[in-house]
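The data block below is target27.pdb; it holds PDB, C-alpha atoms.
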```
ATOM      1  CA  ASP W   1     -14.366 -17.910   3.561  1.00  0.00           C
ATOM      2  CA  ALA W   2     -12.254 -20.628   1.993  1.00  0.00           C
ATOM      3  CA  LEU W   3      -9.020 -19.411   0.498  1.00  0.00           C
ATOM      4  CA  ALA W   4      -8.521 -19.420  -3.231  1.00  0.00           C
ATOM      5  CA  SER W   5      -6.515 -22.072  -5.005  1.00  0.00           C
ATOM      6  CA  PRO W   6      -3.597 -21.933  -5.602  1.00  0.00           C
ATOM      7  CA  PHE W   7      -2.586 -20.716  -2.150  1.00  0.00           C
ATOM      8  CA  LEU W   8       0.348 -20.573   0.244  1.00  0.00           C
ATOM      9  CA  ARG W   9       0.087 -21.356   3.948  1.00  0.00           C
ATOM     10  CA  GLY W  10       2.764 -20.688   6.553  1.00  0.00           C
ATOM     11  CA  PHE W  11       5.460 -19.443   4.167  1.00  0.00           C
ATOM     12  CA  THR W  12       7.963 -16.598   4.640  1.00  0.00           C
ATOM     13  CA  LEU W  13       8.784 -14.727   1.424  1.00  0.00           C
ATOM     14  CA  THR W  14      11.768 -12.417   1.771  1.00  0.00           C
ATOM     15  CA  GLY W  15      14.534 -10.815  -0.273  1.00  0.00           C
ATOM     16  CA  GLY W  16      12.599 -10.802  -3.559  1.00  0.00           C
ATOM     17  CA  SER W  17      13.308  -8.189  -6.224  1.00  0.00           C
ATOM     18  CA  GLY W  18      10.321  -8.563  -8.547  1.00  0.00           C
ATOM     19  CA  THR W  19       9.545  -9.667 -12.089  1.00  0.00           C
ATOM     20  CA  ALA W  20      10.106  -7.513 -15.181  1.00  0.00           C
ATOM     21  CA  TRP W  21       6.594  -6.457 -16.227  1.00  0.00           C
ATOM     22  CA  LYS W  22       5.883  -3.659 -18.708  1.00  0.00           C
ATOM     23  CA  ASP W  23       9.308  -2.107 -18.102  1.00  0.00           C
ATOM     24  CA  MET W  24       8.875  -2.108 -14.304  1.00  0.00           C
ATOM     25  CA  ARG W  25      10.087  -4.549 -11.654  1.00  0.00           C
ATOM     26  CA  SER W  26       6.873  -5.772 -10.050  1.00  0.00           C
ATOM     27  CA  GLY W  27       5.873  -8.133  -7.247  1.00  0.00           C
ATOM     28  CA  GLY W  28       8.900  -8.609  -5.025  1.00  0.00           C
ATOM     29  CA  GLY W  29       7.143 -11.300  -2.986  1.00  0.00           C
ATOM     30  CA  VAL W  30       4.066 -12.345  -4.976  1.00  0.00           C
ATOM     31  CA  PHE W  31       3.241 -11.629  -8.643  1.00  0.00           C
ATOM     32  CA  VAL W  32      -0.314 -12.204  -9.938  1.00  0.00           C
ATOM     33  CA  VAL W  33      -1.732 -11.371 -13.376  1.00  0.00           C
ATOM     34  CA  ASP W  34      -5.322 -12.259 -14.297  1.00  0.00           C
ATOM     35  CA  ALA W  35      -5.326 -15.071 -11.738  1.00  0.00           C
ATOM     36  CA  THR W  36      -6.572 -15.905  -8.251  1.00  0.00           C
ATOM     37  CA  ALA W  37      -4.283 -16.506  -5.280  1.00  0.00           C
ATOM     38  CA  GLY W  38      -4.578 -16.824  -1.512  1.00  0.00           C
ATOM     39  CA  LEU W  39      -2.078 -16.604   1.334  1.00  0.00           C
ATOM     40  CA  GLU W  40      -2.692 -17.730   4.902  1.00  0.00           C
ATOM     41  CA  ASP W  41      -0.382 -17.176   7.894  1.00  0.00           C
ATOM     42  CA  CYS W  42       2.398 -15.974   5.599  1.00  0.00           C
ATOM     43  CA  ILE W  43       5.098 -13.354   6.163  1.00  0.00           C
ATOM     44  CA  LEU W  44       6.251 -11.109   3.319  1.00  0.00           C
ATOM     45  CA  ALA W  45       9.232  -9.089   4.519  1.00  0.00           C
ATOM     46  CA  GLY W  46      12.182  -7.230   3.086  1.00  0.00           C
ATOM     47  CA  ASN W  47      11.128  -7.462  -0.563  1.00  0.00           C
ATOM     48  CA  ARG W  48      11.755  -4.789  -3.185  1.00  0.00           C
ATOM     49  CA  ALA W  49      10.166  -3.814  -6.507  1.00  0.00           C
ATOM     50  CA  ALA W  50       8.988  -0.709  -8.319  1.00  0.00           C
ATOM     51  CA  LEU W  51       5.341  -1.781  -8.066  1.00  0.00           C
ATOM     52  CA  GLY W  52       4.055  -3.967  -5.253  1.00  0.00           C
ATOM     53  CA  ALA W  53       7.167  -4.876  -3.319  1.00  0.00           C
ATOM     54  CA  GLY W  54       5.166  -7.353  -1.235  1.00  0.00           C
ATOM     55  CA  VAL W  55       2.315  -8.288  -3.579  1.00  0.00           C
ATOM     56  CA  PHE W  56       1.623  -7.184  -7.163  1.00  0.00           C
ATOM     57  CA  SER W  57      -1.703  -7.928  -8.835  1.00  0.00           C
ATOM     58  CA  ASP W  58      -2.849  -6.872 -12.304  1.00  0.00           C
ATOM     59  CA  GLY W  59      -6.443  -7.927 -12.853  1.00  0.00           C
ATOM     60  CA  GLY W  60      -6.206 -10.692 -10.268  1.00  0.00           C
ATOM     61  CA  THR W  61      -7.933 -11.596  -7.028  1.00  0.00           C
ATOM     62  CA  VAL W  62      -5.678 -11.883  -3.974  1.00  0.00           C
ATOM     63  CA  THR W  63      -6.757 -12.937  -0.471  1.00  0.00           C
ATOM     64  CA  LEU W  64      -4.519 -12.461   2.574  1.00  0.00           C
ATOM     65  CA  LEU W  65      -5.611 -14.163   5.796  1.00  0.00           C
ATOM     66  CA  GLY W  66      -3.600 -13.804   8.996  1.00  0.00           C
ATOM     67  CA  CYS W  67      -0.555 -12.540   7.097  1.00  0.00           C
ATOM     68  CA  THR W  68       2.116  -9.967   7.955  1.00  0.00           C
ATOM     69  CA  LEU W  69       3.584  -7.691   5.281  1.00  0.00           C
ATOM     70  CA  ARG W  70       6.449  -5.675   6.735  1.00  0.00           C
ATOM     71  CA  ASP W  71       9.582  -3.769   5.738  1.00  0.00           C
ATOM     72  CA  ASN W  72       8.925  -4.004   2.009  1.00  0.00           C
ATOM     73  CA  SER W  73      10.093  -1.114  -0.163  1.00  0.00           C
ATOM     74  CA  ALA W  74       8.645  -0.026  -3.521  1.00  0.00           C
ATOM     75  CA  GLY W  75      10.909   2.148  -5.635  1.00  0.00           C
ATOM     76  CA  THR W  76      13.090   2.149  -8.709  1.00  0.00           C
ATOM     77  CA  LYS W  77      16.824   1.523  -8.617  1.00  0.00           C
ATOM     78  CA  TYR W  78      17.442   5.224  -8.224  1.00  0.00           C
ATOM     79  CA  ARG W  79      14.438   6.720  -6.442  1.00  0.00           C
ATOM     80  CA  LEU W  80      12.051   5.473  -3.773  1.00  0.00           C
ATOM     81  CA  GLN W  81       9.545   8.127  -4.817  1.00  0.00           C
ATOM     82  CA  ASP W  82       8.875   6.381  -8.137  1.00  0.00           C
ATOM     83  CA  GLY W  83       7.551   3.261  -6.384  1.00  0.00           C
ATOM     84  CA  HIS W  84       3.900   2.442  -5.710  1.00  0.00           C
ATOM     85  CA  GLY W  85       2.556  -0.055  -3.201  1.00  0.00           C
ATOM     86  CA  GLY W  86       5.168  -0.946  -0.609  1.00  0.00           C
ATOM     87  CA  ALA W  87       3.130  -3.900   0.668  1.00  0.00           C
ATOM     88  CA  VAL W  88       0.422  -4.326  -1.996  1.00  0.00           C
ATOM     89  CA  TYR W  89      -0.171  -2.939  -5.492  1.00  0.00           C
ATOM     90  CA  ALA W  90      -3.413  -3.804  -7.303  1.00  0.00           C
ATOM     91  CA  ARG W  91      -4.507  -2.621 -10.731  1.00  0.00           C
ATOM     92  CA  GLY W  92      -8.073  -3.743 -11.279  1.00  0.00           C
ATOM     93  CA  GLY W  93      -9.312  -6.974  -9.729  1.00  0.00           C
ATOM     94  CA  ALA W  94      -9.745  -7.342  -5.983  1.00  0.00           C
ATOM     95  CA  VAL W  95      -7.769  -7.648  -2.758  1.00  0.00           C
ATOM     96  CA  GLY W  96      -9.044  -9.114   0.499  1.00  0.00           C
ATOM     97  CA  LEU W  97      -7.384  -8.598   3.890  1.00  0.00           C
ATOM     98  CA  ASN W  98      -8.539 -10.492   6.965  1.00  0.00           C
ATOM     99  CA  GLN W  99      -6.655 -10.277  10.277  1.00  0.00           C
ATOM    100  CA  THR W 100      -3.606  -9.116   8.354  1.00  0.00           C
ATOM    101  CA  VAL W 101      -0.906  -6.642   9.447  1.00  0.00           C
ATOM    102  CA  VAL W 102       0.671  -4.151   7.018  1.00  0.00           C
ATOM    103  CA  LEU W 103       3.662  -2.708   8.880  1.00  0.00           C
ATOM    104  CA  SER W 104       6.621  -0.397   8.183  1.00  0.00           C
ATOM    105  CA  ASN W 105       6.552  -0.461   4.395  1.00  0.00           C
ATOM    106  CA  LYS W 106       7.835   2.342   2.145  1.00  0.00           C
ATOM    107  CA  ALA W 107       6.979   3.781  -1.277  1.00  0.00           C
ATOM    108  CA  GLY W 108       6.483   7.067  -3.099  1.00  0.00           C
ATOM    109  CA  ARG W 109       2.702   6.525  -3.108  1.00  0.00           C
ATOM    110  CA  GLY W 110       0.700   4.033  -1.099  1.00  0.00           C
ATOM    111  CA  ALA W 111       3.428   2.761   1.191  1.00  0.00           C
ATOM    112  CA  GLY W 112       1.006   0.240   2.644  1.00  0.00           C
ATOM    113  CA  LEU W 113      -1.424  -0.398  -0.203  1.00  0.00           C
ATOM    114  CA  TYR W 114      -1.862   1.153  -3.663  1.00  0.00           C
ATOM    115  CA  LEU W 115      -5.102   0.590  -5.582  1.00  0.00           C
ATOM    116  CA  ASP W 116      -5.670   1.572  -9.197  1.00  0.00           C
ATOM    117  CA  GLY W 117      -9.299   0.878 -10.026  1.00  0.00           C
ATOM    118  CA  ALA W 118      -9.315  -2.148  -7.709  1.00  0.00           C
ATOM    119  CA  ARG W 119     -11.652  -3.369  -4.984  1.00  0.00           C
ATOM    120  CA  LEU W 120     -10.443  -3.745  -1.394  1.00  0.00           C
ATOM    121  CA  ASP W 121     -12.294  -5.651   1.319  1.00  0.00           C
ATOM    122  CA  ALA W 122     -10.445  -5.437   4.642  1.00  0.00           C
ATOM    123  CA  VAL W 123     -11.613  -6.860   7.970  1.00  0.00           C
ATOM    124  CA  LYS W 124      -9.973  -6.732  11.415  1.00  0.00           C
ATOM    125  CA  SER W 125      -6.601  -5.779   9.988  1.00  0.00           C
ATOM    126  CA  LYS W 126      -3.887  -3.274  10.931  1.00  0.00           C
ATOM    127  CA  VAL W 127      -2.066  -0.727   8.758  1.00  0.00           C
ATOM    128  CA  LEU W 128       0.755   0.685  10.858  1.00  0.00           C
ATOM    129  CA  ALA W 129       3.890   2.837  10.526  1.00  0.00           C
ATOM    130  CA  ASN W 130       4.039   2.892   6.731  1.00  0.00           C
ATOM    131  CA  VAL W 131       5.785   5.886   5.120  1.00  0.00           C
ATOM    132  CA  THR W 132       5.626   7.549   1.713  1.00  0.00           C
ATOM    133  CA  GLU W 133       8.680   9.675   1.132  1.00  0.00           C
ATOM    134  CA  VAL W 134       9.317  12.135  -1.696  1.00  0.00           C
ATOM    135  CA  ARG W 135      12.193  14.598  -1.478  1.00  0.00           C
ATOM    136  CA  ASP W 136      12.348  15.807  -5.093  1.00  0.00           C
ATOM    137  CA  LEU W 137      10.763  19.165  -5.913  1.00  0.00           C
ATOM    138  CA  HIS W 138       9.919  17.822  -9.357  1.00  0.00           C
ATOM    139  CA  GLY W 139       8.329  14.613  -8.104  1.00  0.00           C
ATOM    140  CA  HIS W 140       4.717  13.935  -7.145  1.00  0.00           C
ATOM    141  CA  PRO W 141       3.604  14.616  -3.547  1.00  0.00           C
ATOM    142  CA  GLY W 142       4.080  11.950  -0.907  1.00  0.00           C
ATOM    143  CA  GLU W 143       0.546  10.539  -0.699  1.00  0.00           C
ATOM    144  CA  GLY W 144      -1.206   7.767   1.200  1.00  0.00           C
ATOM    145  CA  GLY W 145       1.138   6.544   3.885  1.00  0.00           C
ATOM    146  CA  GLY W 146      -1.167   3.668   4.756  1.00  0.00           C
ATOM    147  CA  LEU W 147      -3.350   3.471   1.653  1.00  0.00           C
ATOM    148  CA  TYR W 148      -3.614   5.225  -1.709  1.00  0.00           C
ATOM    149  CA  ALA W 149      -6.615   4.603  -3.982  1.00  0.00           C
ATOM    150  CA  HIS W 150      -7.638   6.265  -7.214  1.00  0.00           C
ATOM    151  CA  GLY W 151      -9.691   5.699 -10.333  1.00  0.00           C
ATOM    152  CA  ALA W 152     -12.774   3.546  -9.872  1.00  0.00           C
ATOM    153  CA  SER W 153     -11.454   1.855  -6.726  1.00  0.00           C
ATOM    154  CA  GLU W 154     -14.035   0.628  -4.207  1.00  0.00           C
ATOM    155  CA  LEU W 155     -13.123   0.133  -0.556  1.00  0.00           C
ATOM    156  CA  GLU W 156     -14.999  -1.636   2.241  1.00  0.00           C
ATOM    157  CA  LEU W 157     -13.022  -1.525   5.504  1.00  0.00           C
ATOM    158  CA  ARG W 158     -14.433  -2.894   8.735  1.00  0.00           C
ATOM    159  CA  GLY W 159     -12.570  -2.856  12.021  1.00  0.00           C
ATOM    160  CA  VAL W 160      -9.296  -1.726  10.451  1.00  0.00           C
ATOM    161  CA  GLU W 161      -6.707   0.152  12.541  1.00  0.00           C
ATOM    162  CA  PHE W 162      -4.580   2.885  10.959  1.00  0.00           C
ATOM    163  CA  GLY W 163      -1.759   4.086  13.201  1.00  0.00           C
ATOM    164  CA  GLN W 164       1.515   6.006  12.886  1.00  0.00           C
ATOM    165  CA  ASN W 165       1.449   6.163   9.098  1.00  0.00           C
ATOM    166  CA  MET W 166       3.096   9.120   7.384  1.00  0.00           C
ATOM    167  CA  ALA W 167       2.894  10.877   4.027  1.00  0.00           C
ATOM    168  CA  PHE W 168       6.122  12.845   3.722  1.00  0.00           C
ATOM    169  CA  GLY W 169       6.961  15.122   0.789  1.00  0.00           C
ATOM    170  CA  GLN W 170       6.151  18.346  -0.957  1.00  0.00           C
ATOM    171  CA  ASP W 171       2.410  18.997  -0.507  1.00  0.00           C
ATOM    172  CA  ALA W 172       1.995  15.663   1.267  1.00  0.00           C
ATOM    173  CA  LYS W 173      -1.560  14.315   1.466  1.00  0.00           C
ATOM    174  CA  GLY W 174      -3.216  11.535   3.414  1.00  0.00           C
ATOM    175  CA  GLY W 175      -1.013  10.337   6.242  1.00  0.00           C
ATOM    176  CA  ALA W 176      -3.204   7.267   6.654  1.00  0.00           C
ATOM    177  CA  VAL W 177      -5.441   7.288   3.553  1.00  0.00           C
ATOM    178  CA  ARG W 178      -5.425   9.189   0.263  1.00  0.00           C
ATOM    179  CA  LEU W 179      -8.537   8.851  -1.918  1.00  0.00           C
ATOM    180  CA  VAL W 180      -8.770  10.240  -5.443  1.00  0.00           C
ATOM    181  CA  GLY W 181     -12.216   9.403  -6.780  1.00  0.00           C
ATOM    182  CA  GLY W 182     -13.855   6.029  -6.251  1.00  0.00           C
ATOM    183  CA  ARG W 183     -15.918   5.031  -3.226  1.00  0.00           C
ATOM    184  CA  ALA W 184     -14.931   4.130   0.331  1.00  0.00           C
ATOM    185  CA  VAL W 185     -16.769   2.826   3.396  1.00  0.00           C
ATOM    186  CA  PHE W 186     -15.058   2.824   6.816  1.00  0.00           C
ATOM    187  CA  ASP W 187     -16.980   0.923   9.503  1.00  0.00           C
ATOM    188  CA  GLN W 188     -15.651   0.851  13.078  1.00  0.00           C
ATOM    189  CA  CYS W 189     -12.152   1.761  11.911  1.00  0.00           C
ATOM    190  CA  SER W 190      -9.663   3.704  14.043  1.00  0.00           C
ATOM    191  CA  PHE W 191      -7.106   6.379  13.154  1.00  0.00           C
ATOM    192  CA  SER W 192      -4.306   7.360  15.526  1.00  0.00           C
ATOM    193  CA  THR W 193      -1.121   9.431  15.176  1.00  0.00           C
ATOM    194  CA  ASN W 194      -1.099   9.513  11.381  1.00  0.00           C
ATOM    195  CA  VAL W 195       0.703  12.490   9.831  1.00  0.00           C
ATOM    196  CA  ALA W 196       0.961  14.329   6.504  1.00  0.00           C
ATOM    197  CA  ARG W 197       4.175  16.359   6.604  1.00  0.00           C
ATOM    198  CA  ASP W 198       5.697  18.706   4.049  1.00  0.00           C
ATOM    199  CA  TYR W 199       9.436  18.060   3.921  1.00  0.00           C
ATOM    200  CA  ARG W 200      10.067  21.784   3.454  1.00  0.00           C
ATOM    201  CA  ALA W 201       8.789  22.371   7.008  1.00  0.00           C
ATOM    202  CA  VAL W 202      10.164  19.447   8.991  1.00  0.00           C
ATOM    203  CA  GLN W 203       9.422  21.061  12.333  1.00  0.00           C
ATOM    204  CA  SER W 204       5.690  21.391  11.693  1.00  0.00           C
ATOM    205  CA  VAL W 205       2.885  19.344  10.240  1.00  0.00           C
ATOM    206  CA  THR W 206       1.869  21.255   7.115  1.00  0.00           C
ATOM    207  CA  GLY W 207       0.461  18.621   4.743  1.00  0.00           C
ATOM    208  CA  TRP W 208      -3.201  17.791   4.125  1.00  0.00           C
ATOM    209  CA  GLY W 209      -5.182  15.136   5.931  1.00  0.00           C
ATOM    210  CA  GLY W 210      -3.198  13.324   8.572  1.00  0.00           C
ATOM    211  CA  GLY W 211      -6.002  10.781   8.710  1.00  0.00           C
ATOM    212  CA  ILE W 212      -7.797  10.922   5.350  1.00  0.00           C
ATOM    213  CA  ALA W 213      -7.355  13.226   2.354  1.00  0.00           C
ATOM    214  CA  ALA W 214     -10.033  12.842  -0.318  1.00  0.00           C
ATOM    215  CA  ASP W 215     -11.052  14.671  -3.465  1.00  0.00           C
TER     216      ASP W 215
END
```
Let's see the structure in the file written out as structure tokens.
Amino acid sequence: DALASPFLRGFTLTGGSGTAWKDMRSGGGVFVVDATAGLEDCILAGNRAALGAGVFSDGGTVTLLGCTLRDNSAGTKYRLQDGHGGAVYARGGAVGLNQTVVLSNKAGRGAGLYLDGARLDAVKSKVLANVTEVRDLHGHPGEGGGLYAHGASELELRGVEFGQNMAFGQDAKGGAVRLVGGRAVFDQCSFSTNVARDYRAVQSVTGWGGGIAAD
């Protein structure tokens, strides 16, 4: 499919710290609100924000083709666990991934991708070695190392690889994928060496759903 306009091709976006949006730093690399954007052959690396350290979208449509999103970190100034969407955060709207790699991102929830009532269409992409980390007894569980989706989110994933993702925290859930409501279709996807680990028992895997946790 043709990419949306405006779009970026062949850019590297790094070192971003986000835009102030509703009292939260959002979109360390890309910030989209009620708009359409496409990225092709881009690298988003080493960005920071509270929501969507790589890409933040509120009501927008974002397409990523042949991109790499790596080493982005979603968290507040004081606590990583308060961040959502290390690589991608989407509230409403839609996100498309095609031949895209989501690698080694961090957040409190959805270290790879975080969806709040959004649609995700992902094809032939990889979600690898992303980690949610929560060490505070009073914080929420570490959930969705690779992907966290809740509300009325709808997911269609075809040929997507989930590997070595981790949900780490008290009552951790969904090493690769955490689903809370919504609808998800996984077609010819693979899951390997994903872990949900309770930080109170570091020597053993005691969380829920190393691959997928859904309720």
For the PyMOL selection byres ((chain W and resi 174) around 6), applied here, can you spell out every residue it catches as a list in words?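 Going through the file, the PyMOL selection byres ((chain W and resi 174) around 6) ends up selecting Glu143, Gly144, Lys173, Gly175, Ala176, Val177, Arg178, Ala196, Gly209, Gly210, Ile212 and Ala213 of chain W.
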Output file for the residues above (C-alpha atoms, as an mmCIF file, in the frame of the given file):
```
data_model
loop_
_atom_site.group_PDB
_atom_site.id
_atom_site.type_symbol
_atom_site.label_atom_id
_atom_site.label_comp_id
_atom_site.auth_asym_id
_atom_site.auth_seq_id
_atom_site.Cartn_x
_atom_site.Cartn_y
_atom_site.Cartn_z
ATOM 1 C CA GLU W 143 0.546 10.539 -0.699
ATOM 2 C CA GLY W 144 -1.206 7.767 1.200
ATOM 3 C CA LYS W 173 -1.560 14.315 1.466
ATOM 4 C CA GLY W 175 -1.013 10.337 6.242
ATOM 5 C CA ALA W 176 -3.204 7.267 6.654
ATOM 6 C CA VAL W 177 -5.441 7.288 3.553
ATOM 7 C CA ARG W 178 -5.425 9.189 0.263
ATOM 8 C CA ALA W 196 0.961 14.329 6.504
ATOM 9 C CA GLY W 209 -5.182 15.136 5.931
ATOM 10 C CA GLY W 210 -3.198 13.324 8.572
ATOM 11 C CA ILE W 212 -7.797 10.922 5.350
ATOM 12 C CA ALA W 213 -7.355 13.226 2.354
#
```
Near segment 102-114 of chain W, 8 Å: segment 136-170 of chain W residue rows, closest pairs, only C-alpha atoms, as a tab-separated table:
```
residue	atom	partner	partner_atom	distance
W:Gly142	CA	W:Gly108	CA	5.9
W:Glu143	CA	W:Arg109	CA	5.2
W:Gly144	CA	W:Gly110	CA	4.8
W:Gly145	CA	W:Ala111	CA	5.2
W:Gly146	CA	W:Gly112	CA	4.6
W:Leu147	CA	W:Leu113	CA	4.7
W:Tyr148	CA	W:Gly110	CA	4.5
W:Ala149	CA	W:Tyr114	CA	5.9
```
Across W:Asn47, W:Thr76, W:Ser125, W:Gln170, the smallest distance to Met24 of chain W, with all atoms listed in the file counted, is shown by W:Thr76
Just to confirm, what's the straight-line distance from atom CA of Ser57 of chain W to atom CA of Leu128 of chain W in Å (one decimal)? 21.6 Å
Please compute the atom CA of Gly29 of chain W-atom CA of Arg48 of chain W distance, one decimal, in Å.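 Those two atoms sit 8.0 Å apart.
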Within 10 Å of Val185 of chain W, counting only C-alpha atoms, which residues qualify if same-chain residues fewer than 4 places away don't, as JSON, numbers by chain? {"W": [121, 154, 155, 156, 157, 158, 189]}
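Computed from the coordinates, the atom CA of Phe7 of chain W to atom CA of Val30 of chain W distance equals 11.1 Å.
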Selected by the PyMOL selection byres ((chain W and resi 96-99) around 7) in the shown coordinates: which residues, as a count of residues only? 15
Have a look at W:Leu179, W:Cys42, W:Gly92, W:Ser190 and name the one nearest to Phe56 of chain W; count all atoms listed in the file.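 Among W:Leu179, W:Cys42, W:Gly92, W:Ser190, it is W:Gly92 that comes nearest to Phe56 of chain W.
Each of W:Arg70, W:Lys22, W:His84, W:Arg91 was compared to Leu115 of chain W using all atoms listed in the file, and W:Arg91 turns out to be the nearest.
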Name the residues captured by the PyMOL selection byres ((chain W and resi 19) around 10) when it is applied to the shown file; answer as a list in words.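 Against this file, the PyMOL selection byres ((chain W and resi 19) around 10) returns the residues Gly16, Ser17, Gly18, Ala20, Trp21, Lys22, Asp23, Met24, Arg25, Ser26, Gly27, Gly28, Gly29, Val30, Phe31, Ala49, Ala50, Leu51 and Phe56 of chain W.
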Min atom-atom distance to Asp171 of chain W from the set W:Gly151, W:Gly59, W:Gly52, W:Pro141, counting only C-alpha atoms, belongs to W:Pro141
Pick the closest to Thr193 of chain W from W:Ser73, W:Asn130, W:Thr61, W:Ser153: which is it, counting all atoms listed in the file? W:Asn130
